[in-house]
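Pasted below: structure29.cif, mmCIF, N, CA and C atoms.
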data_work
loop_
_atom_site.label_atom_id
_atom_site.label_comp_id
_atom_site.auth_asym_id
_atom_site.auth_seq_id
_atom_site.Cartn_x
_atom_site.Cartn_y
_atom_site.Cartn_z
N MET Z 1 0.85 -1.17 0.00
CA MET Z 1 0.00 0.00 0.00
C MET Z 1 0.89 1.23 0.00
N THR Z 2 0.52 2.20 -0.81
CA THR Z 2 1.33 3.41 -0.88
C THR Z 2 1.16 4.22 0.40
N GLU Z 3 2.23 4.88 0.79
CA GLU Z 3 2.22 5.70 2.00
C GLU Z 3 1.18 6.81 1.91
N THR Z 4 1.08 7.45 0.76
CA THR Z 4 0.12 8.54 0.60
C THR Z 4 -1.30 8.06 0.80
N PHE Z 5 -1.64 6.91 0.23
CA PHE Z 5 -3.01 6.40 0.36
C PHE Z 5 -3.32 6.08 1.82
N SER Z 6 -2.41 5.40 2.51
CA SER Z 6 -2.69 4.97 3.88
C SER Z 6 -2.65 6.13 4.88
N THR Z 7 -1.89 7.17 4.60
CA THR Z 7 -1.78 8.27 5.56
C THR Z 7 -2.65 9.46 5.23
N THR Z 8 -3.10 9.57 3.98
CA THR Z 8 -3.89 10.72 3.58
C THR Z 8 -5.31 10.34 3.16
N ILE Z 9 -5.43 9.42 2.23
CA ILE Z 9 -6.73 9.10 1.66
C ILE Z 9 -7.59 8.27 2.63
N LEU Z 10 -7.05 7.18 3.19
CA LEU Z 10 -7.85 6.35 4.10
C LEU Z 10 -8.40 7.14 5.29
N PRO Z 11 -7.60 8.00 5.94
CA PRO Z 11 -8.18 8.79 7.04
C PRO Z 11 -9.33 9.69 6.57
N GLN Z 12 -9.23 10.23 5.36
CA GLN Z 12 -10.32 11.05 4.83
C GLN Z 12 -11.56 10.21 4.56
N LEU Z 13 -11.35 9.01 4.02
CA LEU Z 13 -12.49 8.11 3.76
C LEU Z 13 -13.13 7.64 5.07
N ALA Z 14 -12.32 7.53 6.12
CA ALA Z 14 -12.83 7.06 7.41
C ALA Z 14 -13.73 8.07 8.09
N SER Z 15 -13.43 9.35 7.94
CA SER Z 15 -14.19 10.33 8.73
C SER Z 15 -14.64 11.55 7.94
N GLY Z 16 -14.47 11.54 6.63
CA GLY Z 16 -14.76 12.72 5.84
C GLY Z 16 -16.20 12.91 5.40
N ALA Z 17 -17.02 11.87 5.48
CA ALA Z 17 -18.42 11.99 5.05
C ALA Z 17 -19.25 12.64 6.17
N ALA Z 18 -20.37 13.20 5.80
CA ALA Z 18 -21.22 13.88 6.78
C ALA Z 18 -21.65 12.95 7.91
N HIS Z 19 -22.06 11.72 7.57
CA HIS Z 19 -22.53 10.82 8.63
C HIS Z 19 -21.39 10.32 9.51
N THR Z 20 -20.20 10.13 8.94
CA THR Z 20 -19.08 9.67 9.77
C THR Z 20 -18.58 10.79 10.68
N GLN Z 21 -18.66 12.03 10.21
CA GLN Z 21 -18.31 13.16 11.08
C GLN Z 21 -19.32 13.29 12.21
N ALA Z 22 -20.61 13.17 11.87
CA ALA Z 22 -21.66 13.29 12.89
C ALA Z 22 -21.53 12.22 13.96
N LEU Z 23 -21.14 11.02 13.55
CA LEU Z 23 -20.98 9.92 14.50
C LEU Z 23 -19.64 9.94 15.23
N GLY Z 24 -18.72 10.76 14.75
CA GLY Z 24 -17.42 10.90 15.42
C GLY Z 24 -16.39 9.85 15.05
N PHE Z 25 -16.54 9.24 13.86
CA PHE Z 25 -15.57 8.23 13.44
C PHE Z 25 -14.18 8.86 13.31
N GLN Z 26 -13.19 8.15 13.81
CA GLN Z 26 -11.80 8.58 13.72
C GLN Z 26 -10.97 7.43 13.18
N PHE Z 27 -10.08 7.72 12.24
CA PHE Z 27 -9.19 6.70 11.71
C PHE Z 27 -8.15 6.38 12.76
N ASP Z 28 -7.99 5.11 13.05
CA ASP Z 28 -7.07 4.67 14.10
C ASP Z 28 -5.86 3.94 13.51
N GLY Z 29 -5.64 4.14 12.21
CA GLY Z 29 -4.46 3.57 11.56
C GLY Z 29 -4.70 2.17 11.03
N LEU Z 30 -3.60 1.62 10.52
CA LEU Z 30 -3.60 0.25 10.03
C LEU Z 30 -2.95 -0.64 11.09
N HIS Z 31 -3.58 -1.73 11.37
CA HIS Z 31 -3.07 -2.68 12.37
C HIS Z 31 -2.85 -3.99 11.64
N GLY Z 32 -1.60 -4.30 11.37
CA GLY Z 32 -1.29 -5.49 10.56
C GLY Z 32 -1.84 -5.34 9.15
N GLY Z 33 -1.90 -4.11 8.65
CA GLY Z 33 -2.44 -3.85 7.32
C GLY Z 33 -3.95 -3.71 7.27
N GLU Z 34 -4.61 -3.88 8.43
CA GLU Z 34 -6.07 -3.82 8.50
C GLU Z 34 -6.50 -2.48 9.09
N PRO Z 35 -7.41 -1.78 8.41
CA PRO Z 35 -7.85 -0.48 8.94
C PRO Z 35 -8.67 -0.63 10.21
N ARG Z 36 -8.51 0.35 11.08
CA ARG Z 36 -9.27 0.39 12.33
C ARG Z 36 -9.84 1.79 12.50
N ILE Z 37 -11.09 1.85 12.94
CA ILE Z 37 -11.70 3.13 13.29
C ILE Z 37 -12.10 3.11 14.75
N HIS Z 38 -12.31 4.30 15.28
CA HIS Z 38 -12.58 4.47 16.70
C HIS Z 38 -13.71 5.48 16.85
N VAL Z 39 -14.62 5.22 17.77
CA VAL Z 39 -15.69 6.15 18.10
C VAL Z 39 -15.67 6.39 19.60
N PRO Z 40 -15.39 7.62 20.01
CA PRO Z 40 -15.45 7.91 21.44
C PRO Z 40 -16.89 7.81 21.95
N TRP Z 41 -17.05 7.31 23.17
CA TRP Z 41 -18.37 7.21 23.77
C TRP Z 41 -18.95 8.61 23.90
N ARG Z 42 -20.21 8.75 23.49
CA ARG Z 42 -20.95 10.01 23.66
C ARG Z 42 -22.37 9.66 24.07
N GLU Z 43 -22.93 10.47 24.92
CA GLU Z 43 -24.27 10.20 25.41
C GLU Z 43 -25.31 10.16 24.29
N ASP Z 44 -25.13 10.99 23.26
CA ASP Z 44 -26.12 11.00 22.18
C ASP Z 44 -26.03 9.77 21.28
N LEU Z 45 -25.04 8.91 21.46
CA LEU Z 45 -24.90 7.68 20.70
C LEU Z 45 -25.40 6.46 21.48
N VAL Z 46 -25.89 6.68 22.66
CA VAL Z 46 -26.35 5.60 23.53
C VAL Z 46 -27.70 5.07 23.04
N GLY Z 47 -27.83 3.75 23.04
CA GLY Z 47 -29.08 3.11 22.63
C GLY Z 47 -30.04 2.89 23.79
N ASP Z 48 -29.50 2.69 24.98
CA ASP Z 48 -30.33 2.45 26.17
C ASP Z 48 -29.84 3.36 27.28
N PRO Z 49 -30.58 4.44 27.57
CA PRO Z 49 -30.13 5.40 28.58
C PRO Z 49 -29.95 4.80 29.97
N ASP Z 50 -30.67 3.71 30.26
CA ASP Z 50 -30.55 3.09 31.59
C ASP Z 50 -29.19 2.41 31.78
N THR Z 51 -28.60 1.95 30.68
CA THR Z 51 -27.32 1.23 30.79
C THR Z 51 -26.12 2.05 30.31
N GLY Z 52 -26.33 3.03 29.43
CA GLY Z 52 -25.21 3.80 28.88
C GLY Z 52 -24.47 3.07 27.78
N VAL Z 53 -25.09 2.02 27.23
CA VAL Z 53 -24.47 1.21 26.18
C VAL Z 53 -24.72 1.86 24.82
N LEU Z 54 -23.68 1.90 24.00
CA LEU Z 54 -23.82 2.47 22.66
C LEU Z 54 -24.86 1.70 21.84
N ALA Z 55 -25.55 2.40 20.96
CA ALA Z 55 -26.62 1.83 20.15
C ALA Z 55 -26.09 0.78 19.18
N SER Z 56 -26.88 -0.26 18.96
CA SER Z 56 -26.48 -1.32 18.04
C SER Z 56 -26.39 -0.80 16.61
N GLY Z 57 -27.17 0.20 16.26
CA GLY Z 57 -27.08 0.79 14.92
C GLY Z 57 -25.72 1.43 14.67
N LEU Z 58 -25.13 1.98 15.72
CA LEU Z 58 -23.78 2.54 15.60
C LEU Z 58 -22.79 1.42 15.30
N VAL Z 59 -22.94 0.29 15.97
CA VAL Z 59 -22.06 -0.86 15.75
C VAL Z 59 -22.19 -1.32 14.29
N THR Z 60 -23.41 -1.43 13.80
CA THR Z 60 -23.64 -1.85 12.42
C THR Z 60 -22.98 -0.89 11.45
N THR Z 61 -23.16 0.40 11.67
CA THR Z 61 -22.57 1.41 10.79
C THR Z 61 -21.05 1.33 10.82
N MET Z 62 -20.48 1.16 11.98
CA MET Z 62 -19.02 1.04 12.09
C MET Z 62 -18.50 -0.17 11.32
N LEU Z 63 -19.16 -1.32 11.48
CA LEU Z 63 -18.70 -2.52 10.82
C LEU Z 63 -18.81 -2.41 9.30
N ASP Z 64 -19.89 -1.84 8.82
CA ASP Z 64 -20.05 -1.65 7.38
C ASP Z 64 -18.99 -0.68 6.86
N HIS Z 65 -18.76 0.38 7.58
CA HIS Z 65 -17.80 1.39 7.12
C HIS Z 65 -16.36 0.87 7.15
N VAL Z 66 -15.99 0.19 8.20
CA VAL Z 66 -14.62 -0.33 8.26
C VAL Z 66 -14.42 -1.43 7.23
N GLY Z 67 -15.51 -2.13 6.87
CA GLY Z 67 -15.43 -3.11 5.79
C GLY Z 67 -15.07 -2.45 4.48
N GLY Z 68 -15.71 -1.32 4.19
CA GLY Z 68 -15.36 -0.57 2.98
C GLY Z 68 -13.92 -0.09 3.01
N LEU Z 69 -13.47 0.38 4.17
CA LEU Z 69 -12.07 0.81 4.29
C LEU Z 69 -11.11 -0.35 4.03
N ALA Z 70 -11.48 -1.54 4.48
CA ALA Z 70 -10.64 -2.71 4.26
C ALA Z 70 -10.52 -3.02 2.77
N VAL Z 71 -11.61 -2.85 2.04
CA VAL Z 71 -11.58 -3.06 0.58
C VAL Z 71 -10.64 -2.06 -0.06
N TRP Z 72 -10.81 -0.78 0.27
CA TRP Z 72 -9.95 0.25 -0.32
C TRP Z 72 -8.49 0.05 0.07
N ALA Z 73 -8.24 -0.42 1.28
CA ALA Z 73 -6.86 -0.66 1.72
C ALA Z 73 -6.20 -1.73 0.85
N VAL Z 74 -6.93 -2.79 0.54
CA VAL Z 74 -6.38 -3.86 -0.31
C VAL Z 74 -6.19 -3.38 -1.74
N MET Z 75 -7.15 -2.58 -2.24
CA MET Z 75 -7.05 -2.07 -3.61
C MET Z 75 -5.99 -0.98 -3.72
N ASP Z 76 -5.67 -0.35 -2.60
CA ASP Z 76 -4.71 0.76 -2.56
C ASP Z 76 -5.14 1.92 -3.45
N GLU Z 77 -6.45 2.08 -3.56
CA GLU Z 77 -7.00 3.19 -4.32
C GLU Z 77 -8.46 3.35 -3.96
N PHE Z 78 -8.98 4.53 -4.25
CA PHE Z 78 -10.40 4.74 -4.07
C PHE Z 78 -11.10 4.47 -5.38
N GLN Z 79 -12.17 3.70 -5.29
CA GLN Z 79 -13.12 3.57 -6.38
C GLN Z 79 -14.46 3.30 -5.73
N PRO Z 80 -15.54 3.66 -6.40
CA PRO Z 80 -16.85 3.45 -5.79
C PRO Z 80 -17.10 1.98 -5.49
N ILE Z 81 -17.65 1.73 -4.30
CA ILE Z 81 -18.08 0.39 -3.91
C ILE Z 81 -19.45 0.51 -3.26
N ALA Z 82 -20.15 -0.59 -3.16
CA ALA Z 82 -21.45 -0.60 -2.50
C ALA Z 82 -21.59 -1.90 -1.72
N THR Z 83 -22.21 -1.81 -0.56
CA THR Z 83 -22.45 -2.99 0.25
C THR Z 83 -23.48 -3.87 -0.45
N LEU Z 84 -23.09 -5.09 -0.73
CA LEU Z 84 -23.97 -6.05 -1.38
C LEU Z 84 -24.67 -6.92 -0.33
N ASP Z 85 -23.91 -7.33 0.67
CA ASP Z 85 -24.44 -8.22 1.71
C ASP Z 85 -23.70 -7.93 3.00
N LEU Z 86 -24.43 -7.88 4.10
CA LEU Z 86 -23.83 -7.61 5.40
C LEU Z 86 -24.56 -8.43 6.45
N ARG Z 87 -23.81 -9.30 7.10
CA ARG Z 87 -24.37 -10.10 8.20
C ARG Z 87 -23.60 -9.73 9.45
N ILE Z 88 -24.34 -9.44 10.51
CA ILE Z 88 -23.70 -9.08 11.77
C ILE Z 88 -24.19 -10.02 12.85
N ASP Z 89 -23.25 -10.57 13.58
CA ASP Z 89 -23.55 -11.41 14.74
C ASP Z 89 -23.15 -10.62 15.98
N TYR Z 90 -24.15 -10.31 16.81
CA TYR Z 90 -23.88 -9.61 18.07
C TYR Z 90 -23.58 -10.66 19.13
N MET Z 91 -22.45 -10.51 19.77
CA MET Z 91 -22.02 -11.49 20.76
C MET Z 91 -22.29 -11.06 22.19
N ARG Z 92 -22.33 -9.76 22.38
CA ARG Z 92 -22.60 -9.21 23.71
C ARG Z 92 -22.88 -7.72 23.55
N ALA Z 93 -23.42 -7.12 24.60
CA ALA Z 93 -23.61 -5.67 24.59
C ALA Z 93 -22.25 -4.99 24.77
N ALA Z 94 -22.13 -3.84 24.17
CA ALA Z 94 -20.93 -3.03 24.41
C ALA Z 94 -20.89 -2.64 25.89
N ARG Z 95 -19.70 -2.41 26.40
CA ARG Z 95 -19.58 -2.03 27.81
C ARG Z 95 -20.04 -0.59 27.99
N PRO Z 96 -20.78 -0.34 29.05
CA PRO Z 96 -21.30 1.01 29.29
C PRO Z 96 -20.19 2.05 29.38
N ARG Z 97 -20.44 3.19 28.74
CA ARG Z 97 -19.59 4.37 28.81
C ARG Z 97 -18.16 4.13 28.32
N GLU Z 98 -17.99 3.16 27.40
CA GLU Z 98 -16.66 2.90 26.84
C GLU Z 98 -16.65 3.19 25.35
N ASP Z 99 -15.50 3.64 24.87
CA ASP Z 99 -15.30 3.89 23.44
C ASP Z 99 -15.36 2.56 22.70
N LEU Z 100 -15.61 2.65 21.39
CA LEU Z 100 -15.72 1.44 20.58
C LEU Z 100 -14.78 1.54 19.38
N LYS Z 101 -14.21 0.42 19.00
CA LYS Z 101 -13.34 0.32 17.83
C LYS Z 101 -13.90 -0.72 16.88
N ALA Z 102 -13.53 -0.59 15.62
CA ALA Z 102 -13.88 -1.61 14.63
C ALA Z 102 -12.70 -1.78 13.69
N GLN Z 103 -12.46 -3.02 13.30
CA GLN Z 103 -11.35 -3.35 12.41
C GLN Z 103 -11.85 -4.30 11.34
N GLY Z 104 -11.28 -4.19 10.14
CA GLY Z 104 -11.75 -5.02 9.04
C GLY Z 104 -10.62 -5.63 8.23
N LEU Z 105 -10.93 -6.77 7.63
CA LEU Z 105 -9.98 -7.50 6.80
C LEU Z 105 -10.67 -7.90 5.50
N CYS Z 106 -10.15 -7.44 4.38
CA CYS Z 106 -10.62 -7.90 3.07
C CYS Z 106 -9.78 -9.13 2.74
N TYR Z 107 -10.41 -10.30 2.79
CA TYR Z 107 -9.66 -11.54 2.63
C TYR Z 107 -9.74 -12.11 1.22
N ARG Z 108 -10.60 -11.55 0.37
CA ARG Z 108 -10.69 -12.01 -1.02
C ARG Z 108 -11.20 -10.87 -1.88
N LEU Z 109 -10.49 -10.62 -2.96
CA LEU Z 109 -10.85 -9.55 -3.88
C LEU Z 109 -10.91 -10.13 -5.28
N THR Z 110 -12.09 -10.06 -5.89
CA THR Z 110 -12.26 -10.51 -7.27
C THR Z 110 -12.40 -9.25 -8.13
N PRO Z 111 -12.50 -9.38 -9.43
CA PRO Z 111 -12.68 -8.18 -10.26
C PRO Z 111 -13.99 -7.42 -9.99
N THR Z 112 -14.98 -8.09 -9.39
CA THR Z 112 -16.27 -7.41 -9.18
C THR Z 112 -16.78 -7.42 -7.74
N ILE Z 113 -16.26 -8.31 -6.90
CA ILE Z 113 -16.75 -8.45 -5.53
C ILE Z 113 -15.57 -8.52 -4.56
N ALA Z 114 -15.73 -7.89 -3.39
CA ALA Z 114 -14.75 -7.98 -2.31
C ALA Z 114 -15.43 -8.63 -1.11
N PHE Z 115 -14.72 -9.53 -0.45
CA PHE Z 115 -15.25 -10.24 0.72
C PHE Z 115 -14.48 -9.80 1.96
N VAL Z 116 -15.23 -9.48 3.01
CA VAL Z 116 -14.65 -8.85 4.19
C VAL Z 116 -15.16 -9.50 5.47
N ARG Z 117 -14.28 -9.53 6.46
CA ARG Z 117 -14.66 -9.85 7.84
C ARG Z 117 -14.29 -8.63 8.69
N ALA Z 118 -15.14 -8.31 9.64
CA ALA Z 118 -14.88 -7.16 10.51
C ALA Z 118 -15.39 -7.47 11.91
N TRP Z 119 -14.88 -6.76 12.88
CA TRP Z 119 -15.29 -6.98 14.26
C TRP Z 119 -15.22 -5.66 15.02
N ALA Z 120 -16.11 -5.51 16.00
CA ALA Z 120 -16.17 -4.34 16.86
C ALA Z 120 -15.82 -4.76 18.29
N PHE Z 121 -15.08 -3.91 18.97
CA PHE Z 121 -14.59 -4.25 20.31
C PHE Z 121 -14.22 -2.97 21.06
N GLU Z 122 -14.01 -3.08 22.36
CA GLU Z 122 -13.57 -1.92 23.14
C GLU Z 122 -12.05 -1.84 23.19
N THR Z 123 -11.39 -2.84 23.76
CA THR Z 123 -9.93 -2.79 23.89
C THR Z 123 -9.23 -4.02 23.32
N ASP Z 124 -9.91 -5.15 23.32
CA ASP Z 124 -9.30 -6.41 22.92
C ASP Z 124 -10.03 -6.99 21.71
N PRO Z 125 -9.37 -7.03 20.55
CA PRO Z 125 -10.03 -7.57 19.36
C PRO Z 125 -10.51 -9.02 19.52
N SER Z 126 -9.92 -9.76 20.46
CA SER Z 126 -10.34 -11.15 20.65
C SER Z 126 -11.58 -11.26 21.54
N ASP Z 127 -12.10 -10.13 22.01
CA ASP Z 127 -13.32 -10.10 22.81
C ASP Z 127 -14.33 -9.17 22.13
N PRO Z 128 -14.84 -9.58 20.95
CA PRO Z 128 -15.68 -8.67 20.18
C PRO Z 128 -17.10 -8.48 20.73
N VAL Z 129 -17.61 -7.28 20.49
CA VAL Z 129 -19.02 -6.98 20.73
C VAL Z 129 -19.84 -7.62 19.62
N ALA Z 130 -19.32 -7.50 18.39
CA ALA Z 130 -20.01 -8.04 17.22
C ALA Z 130 -18.99 -8.36 16.14
N ALA Z 131 -19.39 -9.25 15.25
CA ALA Z 131 -18.55 -9.60 14.10
C ALA Z 131 -19.41 -9.54 12.85
N ALA Z 132 -18.79 -9.18 11.75
CA ALA Z 132 -19.52 -9.05 10.49
C ALA Z 132 -18.85 -9.85 9.39
N GLN Z 133 -19.66 -10.32 8.49
CA GLN Z 133 -19.24 -10.95 7.24
C GLN Z 133 -19.94 -10.14 6.16
N ALA Z 134 -19.17 -9.64 5.19
CA ALA Z 134 -19.77 -8.75 4.20
C ALA Z 134 -19.20 -8.98 2.81
N ALA Z 135 -19.99 -8.54 1.83
CA ALA Z 135 -19.54 -8.54 0.44
C ALA Z 135 -19.84 -7.15 -0.13
N TYR Z 136 -18.92 -6.64 -0.91
CA TYR Z 136 -19.05 -5.32 -1.51
C TYR Z 136 -18.89 -5.44 -3.02
N VAL Z 137 -19.75 -4.73 -3.74
CA VAL Z 137 -19.65 -4.68 -5.20
C VAL Z 137 -18.65 -3.60 -5.56
N LEU Z 138 -17.73 -3.92 -6.46
CA LEU Z 138 -16.78 -2.94 -6.96
C LEU Z 138 -17.40 -2.27 -8.17
N ASN Z 139 -17.59 -0.99 -8.09
CA ASN Z 139 -18.23 -0.23 -9.17
C ASN Z 139 -17.17 0.58 -9.89
N LYS Z 140 -16.45 -0.07 -10.75
CA LYS Z 140 -15.40 0.64 -11.47
C LYS Z 140 -16.04 1.70 -12.37
N PRO Z 141 -15.50 2.91 -12.32
CA PRO Z 141 -16.07 3.96 -13.16
C PRO Z 141 -15.95 3.60 -14.63
N ARG Z 142 -17.02 3.83 -15.36
CA ARG Z 142 -17.00 3.60 -16.80
C ARG Z 142 -16.64 4.90 -17.49
N PRO Z 143 -15.93 4.81 -18.58
CA PRO Z 143 -15.64 6.04 -19.32
C PRO Z 143 -16.94 6.69 -19.80
N ARG Z 144 -17.00 7.97 -19.69
CA ARG Z 144 -18.20 8.69 -20.15
C ARG Z 144 -18.23 8.69 -21.67
N SER Z 145 -19.38 8.36 -22.19
CA SER Z 145 -19.52 8.42 -23.65
C SER Z 145 -19.98 9.83 -24.01
N GLU Z 146 -19.45 10.30 -25.09
CA GLU Z 146 -19.82 11.63 -25.53
C GLU Z 146 -21.17 11.57 -26.22
N THR Z 147 -22.01 12.50 -25.88
CA THR Z 147 -23.32 12.55 -26.52
C THR Z 147 -23.38 13.78 -27.41
N LYS Z 148 -24.08 13.63 -28.49
CA LYS Z 148 -24.23 14.74 -29.41
C LYS Z 148 -25.49 15.51 -29.06
N ALA Z 149 -25.39 16.79 -29.10
CA ALA Z 149 -26.54 17.64 -28.78
C ALA Z 149 -27.47 17.81 -29.94
#
Would you mind writing the file's structure down as structure tokens?
Amino acid sequence: MTETFSTTILPQLASGAAHTQALGFQFDGLHGGEPRIHVPWREDLVGDPDTGVLASGLVTTMLDHVGGLAVWAVMDEFQPIATLDLRIDYMRAARPREDLKAQGLCYRLTPTIAFVRAWAFETDPSDPVAAAQAAYVLNKPRPRSETKA
């Protein structure tokens, strides 16, 4: 992976969109070549006010987003992709009032589909809150055809 892509482009892709900024996504670097994002605990992201546990929708969004980052990391370039399939297994509730991380691995890349595994956790990747299995469609840009007026 080129240094410029991993230090400039991936961090922008991790937190540059309106929804990722609103949710507070932060690029946490590459860990063994796998992208990781981090979301600091915030009260407005809590799903159950009685427990202080982050909302499951936030976990889903993190896993889907880090999956896309994993695809781009393997491709070492940005190109449009779309989530084709996303399965999430919740293993436990997130710990109350703790930040959450997500990490992803693109383990197979074909010319049209990328296959990813991702997991969300607080401090230890081997103790996940949830794990995801996903497939992403690679939407390579087509050359624009010139139209006559």
Exercise. Using DSSP on the backbone, list every residue of range 9-49 of chain Z that comes out as strand (DSSP E or B), and give them as a ChimeraX atom specification.
Key: /Z:26-31,34-39,46-48
Quiz item: Using all atoms listed in the file, which residue out of Z:Asn139, Z:Thr112, Z:Gln26, Z:Gln133 lies closest to Ile81 in chain Z?
Solution: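 Of all the options, Z:Asn139 lies closest to Ile81 in chain Z.
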Quiz item: Which residue gives the smallest distance to Ala82 in chain Z among Z:Ala135, Z:Ala118, Z:Val39, Z:Val59, with all atoms listed in the file counted?
Solution: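 Under the stated criterion, the closest residue is Z:Ala135.
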Quiz prompt | Proximity to Ala130 in chain Z - best of Z:Ala93, Z:Ile113, Z:Ala14, Z:Val66, only C-alpha atoms | solution = Z:Ala93
Quiz item: Closest to Asp44 in chain Z among Z:His31, Z:Lys140, Z:Arg97, Z:Arg92, using only C-alpha atoms?
Solution: Z:Arg97
Practice problem: Identify, on the basis of only N, CA and C atoms, every residue whose closest approach to Lys101 in chain Z does not exceed 5 Å; exclude the query and any residue fewer than 2 positions from it along the same chain; express the result as a list in words. | Solution: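 Selected residues are Ile37, His38, Val39, Asp99, Gln103, Ala120, Phe121 and Glu122 of chain Z.
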Practice problem: Would you translate the PyMOL selection byres (((chain Z and resi 80 and name CA) around 12) and name CA) into the concrete set of residues it matches in this file, as JSON, numbers by chain? | Solution: {"Z": [13, 68, 69, 71, 72, 75, 77, 78, 79, 81, 82, 83, 112, 113, 136, 137, 138, 139, 140, 141, 142]}
How about saving the chosen residues, N, CA and C atoms kept, as a PDB file, keeping the file's coordinate frame?
ATOM      1  N   LEU Z  13     -11.350   9.010   4.020  1.00  0.00           N
ATOM      2  CA  LEU Z  13     -12.490   8.110   3.760  1.00  0.00           C
ATOM      3  C   LEU Z  13     -13.130   7.640   5.070  1.00  0.00           C
ATOM      4  N   GLY Z  68     -15.710  -1.320   4.190  1.00  0.00           N
ATOM      5  CA  GLY Z  68     -15.360  -0.570   2.980  1.00  0.00           C
ATOM      6  C   GLY Z  68     -13.920  -0.090   3.010  1.00  0.00           C
ATOM      7  N   LEU Z  69     -13.470   0.380   4.170  1.00  0.00           N
ATOM      8  CA  LEU Z  69     -12.070   0.810   4.290  1.00  0.00           C
ATOM      9  C   LEU Z  69     -11.110  -0.350   4.030  1.00  0.00           C
ATOM     10  N   VAL Z  71     -11.610  -2.850   2.040  1.00  0.00           N
ATOM     11  CA  VAL Z  71     -11.580  -3.060   0.580  1.00  0.00           C
ATOM     12  C   VAL Z  71     -10.640  -2.060  -0.060  1.00  0.00           C
ATOM     13  N   TRP Z  72     -10.810  -0.780   0.270  1.00  0.00           N
ATOM     14  CA  TRP Z  72      -9.950   0.250  -0.320  1.00  0.00           C
ATOM     15  C   TRP Z  72      -8.490   0.050   0.070  1.00  0.00           C
ATOM     16  N   MET Z  75      -7.150  -2.580  -2.240  1.00  0.00           N
ATOM     17  CA  MET Z  75      -7.050  -2.070  -3.610  1.00  0.00           C
ATOM     18  C   MET Z  75      -5.990  -0.980  -3.720  1.00  0.00           C
ATOM     19  N   GLU Z  77      -6.450   2.080  -3.560  1.00  0.00           N
ATOM     20  CA  GLU Z  77      -7.000   3.190  -4.320  1.00  0.00           C
ATOM     21  C   GLU Z  77      -8.460   3.350  -3.960  1.00  0.00           C
ATOM     22  N   PHE Z  78      -8.980   4.530  -4.250  1.00  0.00           N
ATOM     23  CA  PHE Z  78     -10.400   4.740  -4.070  1.00  0.00           C
ATOM     24  C   PHE Z  78     -11.100   4.470  -5.380  1.00  0.00           C
ATOM     25  N   GLN Z  79     -12.170   3.700  -5.290  1.00  0.00           N
ATOM     26  CA  GLN Z  79     -13.120   3.570  -6.380  1.00  0.00           C
ATOM     27  C   GLN Z  79     -14.460   3.300  -5.730  1.00  0.00           C
ATOM     28  N   ILE Z  81     -17.650   1.730  -4.300  1.00  0.00           N
ATOM     29  CA  ILE Z  81     -18.080   0.390  -3.910  1.00  0.00           C
ATOM     30  C   ILE Z  81     -19.450   0.510  -3.260  1.00  0.00           C
ATOM     31  N   ALA Z  82     -20.150  -0.590  -3.160  1.00  0.00           N
ATOM     32  CA  ALA Z  82     -21.450  -0.600  -2.500  1.00  0.00           C
ATOM     33  C   ALA Z  82     -21.590  -1.900  -1.720  1.00  0.00           C
ATOM     34  N   THR Z  83     -22.210  -1.810  -0.560  1.00  0.00           N
ATOM     35  CA  THR Z  83     -22.450  -2.990   0.250  1.00  0.00           C
ATOM     36  C   THR Z  83     -23.480  -3.870  -0.450  1.00  0.00           C
ATOM     37  N   THR Z 112     -14.980  -8.090  -9.390  1.00  0.00           N
ATOM     38  CA  THR Z 112     -16.270  -7.410  -9.180  1.00  0.00           C
ATOM     39  C   THR Z 112     -16.780  -7.420  -7.740  1.00  0.00           C
ATOM     40  N   ILE Z 113     -16.260  -8.310  -6.900  1.00  0.00           N
ATOM     41  CA  ILE Z 113     -16.750  -8.450  -5.530  1.00  0.00           C
ATOM     42  C   ILE Z 113     -15.570  -8.520  -4.560  1.00  0.00           C
ATOM     43  N   TYR Z 136     -18.920  -6.640  -0.910  1.00  0.00           N
ATOM     44  CA  TYR Z 136     -19.050  -5.320  -1.510  1.00  0.00           C
ATOM     45  C   TYR Z 136     -18.890  -5.440  -3.020  1.00  0.00           C
ATOM     46  N   VAL Z 137     -19.750  -4.730  -3.740  1.00  0.00           N
ATOM     47  CA  VAL Z 137     -19.650  -4.680  -5.200  1.00  0.00           C
ATOM     48  C   VAL Z 137     -18.650  -3.600  -5.560  1.00  0.00           C
ATOM     49  N   LEU Z 138     -17.730  -3.920  -6.460  1.00  0.00           N
ATOM     50  CA  LEU Z 138     -16.780  -2.940  -6.960  1.00  0.00           C
ATOM     51  C   LEU Z 138     -17.400  -2.270  -8.170  1.00  0.00           C
ATOM     52  N   ASN Z 139     -17.590  -0.990  -8.090  1.00  0.00           N
ATOM     53  CA  ASN Z 139     -18.230  -0.230  -9.170  1.00  0.00           C
ATOM     54  C   ASN Z 139     -17.170   0.580  -9.890  1.00  0.00           C
ATOM     55  N   LYS Z 140     -16.450  -0.070 -10.750  1.00  0.00           N
ATOM     56  CA  LYS Z 140     -15.400   0.640 -11.470  1.00  0.00           C
ATOM     57  C   LYS Z 140     -16.040   1.700 -12.370  1.00  0.00           C
ATOM     58  N   PRO Z 141     -15.500   2.910 -12.320  1.00  0.00           N
ATOM     59  CA  PRO Z 141     -16.070   3.960 -13.160  1.00  0.00           C
ATOM     60  C   PRO Z 141     -15.950   3.600 -14.630  1.00  0.00           C
ATOM     61  N   ARG Z 142     -17.020   3.830 -15.360  1.00  0.00           N
ATOM     62  CA  ARG Z 142     -17.000   3.600 -16.800  1.00  0.00           C
ATOM     63  C   ARG Z 142     -16.640   4.900 -17.490  1.00  0.00           C
TER      64      ARG Z 142
END
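By chain and then residue number, the residues within 8 Å of Leu10 in chain Z are Thr4, Phe5, Ser6, Ala14, Ser15, Gly16, Phe27, Leu69, Trp72 and Ala73 of chain Z, counting all atoms listed in the file and disregarding those fewer than 4 positions away in sequence.
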Self-check item: the PyMOL selection byres ((chain Z and resi 88) around 6.5) applied to the shown file, residues as a list in words
Solution: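 Residues picked by the PyMOL selection byres ((chain Z and resi 88) around 6.5): Leu86, Arg87, Asp89, Tyr90, Ala130, Ala131, Ala132 and Gln133 of chain Z.
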